[in-house]
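Shown here: data.txt, compact mmCIF, C-alpha atoms.
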```
# COMPACT_ATOMS: atom_id res chain seq x y z
CA MET X 1 -111.13 -100.19 170.05
CA PHE X 2 -110.62 -103.60 171.66
CA VAL X 3 -109.74 -101.97 174.99
CA LYS X 4 -112.95 -99.89 174.93
CA ARG X 5 -115.10 -102.95 174.29
CA TYR X 6 -113.30 -104.89 177.00
CA LEU X 7 -113.84 -102.08 179.53
CA VAL X 8 -117.54 -101.81 178.62
CA ILE X 9 -118.04 -105.57 179.09
CA VAL X 10 -116.22 -105.55 182.44
CA LEU X 11 -118.28 -102.56 183.58
CA LEU X 12 -121.55 -104.27 182.60
CA LEU X 13 -120.56 -107.43 184.47
CA LEU X 14 -119.68 -105.44 187.59
CA VAL X 15 -122.97 -103.53 187.51
CA GLY X 16 -124.89 -106.79 187.12
CA ALA X 17 -123.05 -108.44 189.99
CA CYS X 18 -123.58 -105.48 192.31
CA SER X 19 -127.30 -105.27 191.63
CA GLN X 20 -128.09 -108.84 192.70
CA LYS X 21 -129.21 -109.90 196.15
CA HIS X 22 -126.80 -111.88 198.27
CA PRO X 23 -126.60 -115.34 196.71
CA GLY X 24 -127.90 -118.01 199.02
CA SER X 25 -129.30 -115.46 201.47
CA SER X 26 -131.96 -116.91 203.75
CA PHE X 27 -133.40 -113.49 204.59
CA LYS X 28 -137.19 -113.44 204.75
CA LEU X 29 -139.45 -110.49 205.39
CA PRO X 30 -141.60 -110.94 208.49
CA PRO X 31 -145.34 -111.26 208.00
CA ASP X 32 -147.38 -108.09 208.42
CA GLY X 33 -148.29 -107.30 211.98
CA PRO X 34 -150.33 -104.79 213.96
CA HIS X 35 -147.53 -102.64 215.39
CA SER X 36 -145.90 -99.36 214.35
CA ILE X 37 -142.71 -97.53 215.20
CA PHE X 38 -142.89 -93.72 215.29
CA ILE X 39 -139.33 -92.51 214.71
CA THR X 40 -138.05 -89.00 215.39
CA VAL X 41 -134.59 -88.23 214.01
CA GLU X 42 -132.86 -85.23 215.61
CA GLY X 43 -129.58 -83.44 214.94
CA ILE X 44 -129.99 -83.26 211.17
CA GLN X 45 -127.80 -80.83 209.23
CA CYS X 46 -130.45 -78.69 207.60
CA CYS X 47 -131.20 -78.80 204.77
CA GLU X 48 -128.84 -80.95 202.70
CA GLY X 49 -129.26 -84.38 201.15
CA VAL X 50 -131.66 -87.10 202.20
CA LEU X 51 -132.21 -89.19 205.30
CA ARG X 52 -131.90 -92.96 204.81
CA LEU X 53 -133.41 -95.19 207.48
CA ALA X 54 -133.37 -98.99 207.74
CA VAL X 55 -135.21 -101.28 210.17
CA TYR X 56 -133.69 -104.71 210.92
CA ASN X 57 -135.01 -107.72 212.85
CA ASP X 58 -132.05 -110.11 212.78
CA ALA X 59 -128.42 -109.76 213.88
CA ALA X 60 -127.32 -111.84 210.88
CA TYR X 61 -128.42 -109.06 208.51
CA TRP X 62 -127.58 -106.06 210.71
CA LEU X 63 -126.33 -103.13 208.61
CA SER X 64 -126.89 -105.03 205.36
CA GLU X 65 -127.77 -102.70 202.50
CA THR X 66 -130.37 -105.06 201.05
CA ASP X 67 -131.76 -107.36 203.76
CA ILE X 68 -133.89 -104.87 205.68
CA VAL X 69 -137.38 -105.28 207.11
CA ARG X 70 -138.49 -101.75 206.21
CA GLY X 71 -136.73 -98.71 204.80
CA ARG X 72 -137.57 -95.04 204.58
CA LEU X 73 -136.13 -92.20 202.56
CA GLY X 74 -136.87 -88.59 203.42
CA PHE X 75 -135.82 -85.31 201.91
CA ILE X 76 -134.35 -83.02 204.55
CA GLN X 77 -136.80 -80.29 205.52
CA SER X 78 -135.69 -79.40 209.04
CA GLU X 79 -133.30 -80.35 211.85
CA THR X 80 -135.86 -82.87 213.11
CA GLN X 81 -137.81 -85.33 210.97
CA HIS X 82 -140.48 -87.90 211.68
CA PHE X 83 -141.05 -91.32 210.12
CA GLU X 84 -143.69 -93.97 210.67
CA VAL X 85 -143.04 -97.66 210.05
CA HIS X 86 -146.26 -99.69 210.09
CA GLY X 87 -147.27 -103.31 209.81
CA LEU X 88 -144.68 -104.96 212.04
CA PRO X 89 -145.25 -108.11 214.08
CA GLU X 90 -144.10 -108.36 217.69
CA GLY X 91 -140.37 -108.94 217.92
CA LYS X 92 -136.90 -107.50 218.31
CA TYR X 93 -135.87 -104.66 215.99
CA ALA X 94 -132.97 -102.23 215.54
CA ILE X 95 -132.76 -99.10 213.41
CA ALA X 96 -129.85 -97.51 211.56
CA VAL X 97 -130.12 -94.09 209.94
CA PHE X 98 -127.77 -91.69 208.18
CA GLN X 99 -127.95 -88.34 206.44
CA ASP X 100 -126.78 -88.85 202.88
CA LEU X 101 -125.44 -85.34 202.33
CA ASN X 102 -124.43 -85.89 198.69
CA ASN X 103 -127.31 -88.30 197.86
CA ASP X 104 -125.03 -91.05 196.56
CA SER X 105 -126.89 -93.83 198.47
CA LYS X 106 -123.95 -94.73 200.71
CA LEU X 107 -122.42 -93.63 203.99
CA ASN X 108 -119.24 -91.86 202.92
CA ARG X 109 -116.17 -92.33 205.10
CA LYS X 110 -112.92 -90.56 205.97
CA LEU X 111 -109.83 -92.73 205.84
CA TRP X 112 -112.09 -95.66 204.79
CA VAL X 113 -113.37 -96.05 208.35
CA LEU X 114 -114.78 -92.92 210.00
CA PRO X 115 -118.19 -91.73 208.76
CA LYS X 116 -118.16 -88.36 206.99
CA GLU X 117 -121.94 -88.09 207.11
CA PRO X 118 -124.19 -87.90 210.21
CA TYR X 119 -125.45 -91.31 211.41
CA GLY X 120 -127.34 -92.85 214.32
CA PHE X 121 -128.83 -96.03 215.76
CA SER X 122 -131.81 -96.94 217.89
CA ASN X 123 -131.14 -96.69 221.64
CA ASN X 124 -128.74 -93.85 220.66
CA VAL X 125 -125.76 -96.16 220.87
CA GLY X 126 -122.72 -96.03 218.62
CA LYS X 127 -121.67 -92.41 219.02
CA TYR X 128 -118.15 -93.40 217.95
CA GLY X 129 -118.97 -95.96 215.27
CA PRO X 130 -121.14 -98.93 214.42
CA VAL X 131 -122.58 -101.11 217.14
CA SER X 132 -123.94 -104.61 217.42
CA PHE X 133 -127.56 -105.45 216.68
CA LYS X 134 -127.90 -106.46 220.34
CA LYS X 135 -127.00 -102.97 221.61
CA ALA X 136 -129.31 -101.18 219.16
CA ALA X 137 -132.20 -103.67 219.50
CA PHE X 138 -135.49 -103.04 221.29
CA LEU X 139 -138.58 -105.16 221.82
CA LEU X 140 -141.69 -104.16 219.89
CA SER X 141 -144.83 -105.48 221.57
CA GLU X 142 -147.01 -102.42 221.01
CA ASP X 143 -146.77 -99.18 219.03
CA LYS X 144 -143.54 -97.50 220.04
CA PRO X 145 -142.01 -94.01 219.76
CA ILE X 146 -138.23 -93.93 219.15
CA THR X 147 -135.92 -90.89 219.07
CA ILE X 148 -132.56 -91.18 217.31
CA ASN X 149 -129.93 -88.46 217.62
CA LEU X 150 -127.54 -88.22 214.67
CA ASN X 151 -123.81 -88.26 215.42
CA SER X 152 -121.17 -86.37 213.48
CA LEU X 153 -117.44 -86.96 213.77
```
For this file, write the structure as structure tokens.
Amino acid sequence: MFVKRYLVIVLLLLVGACSQKHPGSSFKLPPDGPHSIFITVEGIQCCEGVLRLAVYNDAAYWLSETDIVRGRLGFIQSETQHFEVHGLPEGKYAIAVFQDLNNDSKLNRKLWVLPKEPYGFSNNVGKYGPVSFKKAAFLLSEDKPITINLNSL
């Protein structure tokens, strides 16, 4: 009985710790702006799971699970899907996207390193793994179309 209670308490503490934002994070959402990104994602494995897309504007938070400028979630309906991200000010942005085949909210990996699920980045960089914010970044000074091709290993 004691062991059960102990395990429940430990589990509750872990869940609470995992659900909090990064302590001391200085991340701030940018103010609303007039620009939009029109994103086309190609190479989707039809029709499993969901597509998870994140827009970043700072290398310090690149690939963070919580400190994103905008995020989109889309149920897979075809091999190509379209997203619109509105209300962005002028600036530098980078996009990361992956197809969450089992809908567990994370990019599953083989051997703890290699992605098991299709993924991609803006500028179509990173065919063989994650890239820097600098390589995936683009300047947004007017509405912009972006095409991202998903990679599978």
Would you kindly return, as a PyMOL selection string, each protein, DNA or RNA residue with an atom no farther than 9 Å from any atom of region 69-80 of chain X, considering all atoms listed in the file and excluding same-chain residues fewer than 4 positions away?
chain X and resi 28-30+40-57+84-86+88+99
Shell around Pro118 (chain X) at 6 Å using all atoms listed in the file, local window under 6 positions removed, as a PyMOL selection string
chain X and resi 98-99+150-152
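Shortest atom-to-atom contact with Tyr128 (chain X) among X:Ile37, X:Leu107, X:Leu153, X:Val97: X:Leu153, counting all atoms listed in the file.
For the pair CA of Pro31 (chain X) and CA of Glu90 (chain X), the separation is 10.2 Å.
If you look at CA of Phe133 (chain X) and CA of Tyr93 (chain X), they are 8.4 Å away from each other.
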Using Å and a single decimal, report how far CA of Ala94 (chain X) sits from CA of Lys134 (chain X).
8.2 Å
Considering all atoms listed in the file, state which residue in the set X:Asn102, X:Gly87, X:Gln81, X:Ser132 is at the smallest distance from Tyr61 (chain X).
X:Ser132
Identify, on the basis of all atoms listed in the file, every residue whose closest approach to Pro89 (chain X) does not exceed 8 Å; exclude the query and any residue fewer than 2 positions from it along the same chain; express the result as a list in words.
Pro30, Pro31, Asp32, Gly33, Pro34, His35, Gly87, Gly91, Leu140 and Ser141 of chain X
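Of the listed residues X:Asp67, X:Phe121, X:Ser26, X:Val131, the one whose atoms come nearest to Ile39 (chain X) is X:Phe121, with distances taken using all atoms listed in the file.
Distance annotation: of X:His82, X:Lys135, X:Arg109, X:Ile95, the residue with the minimal separation from Ser64 (chain X) is X:Ile95; atom set is only C-alpha atoms.
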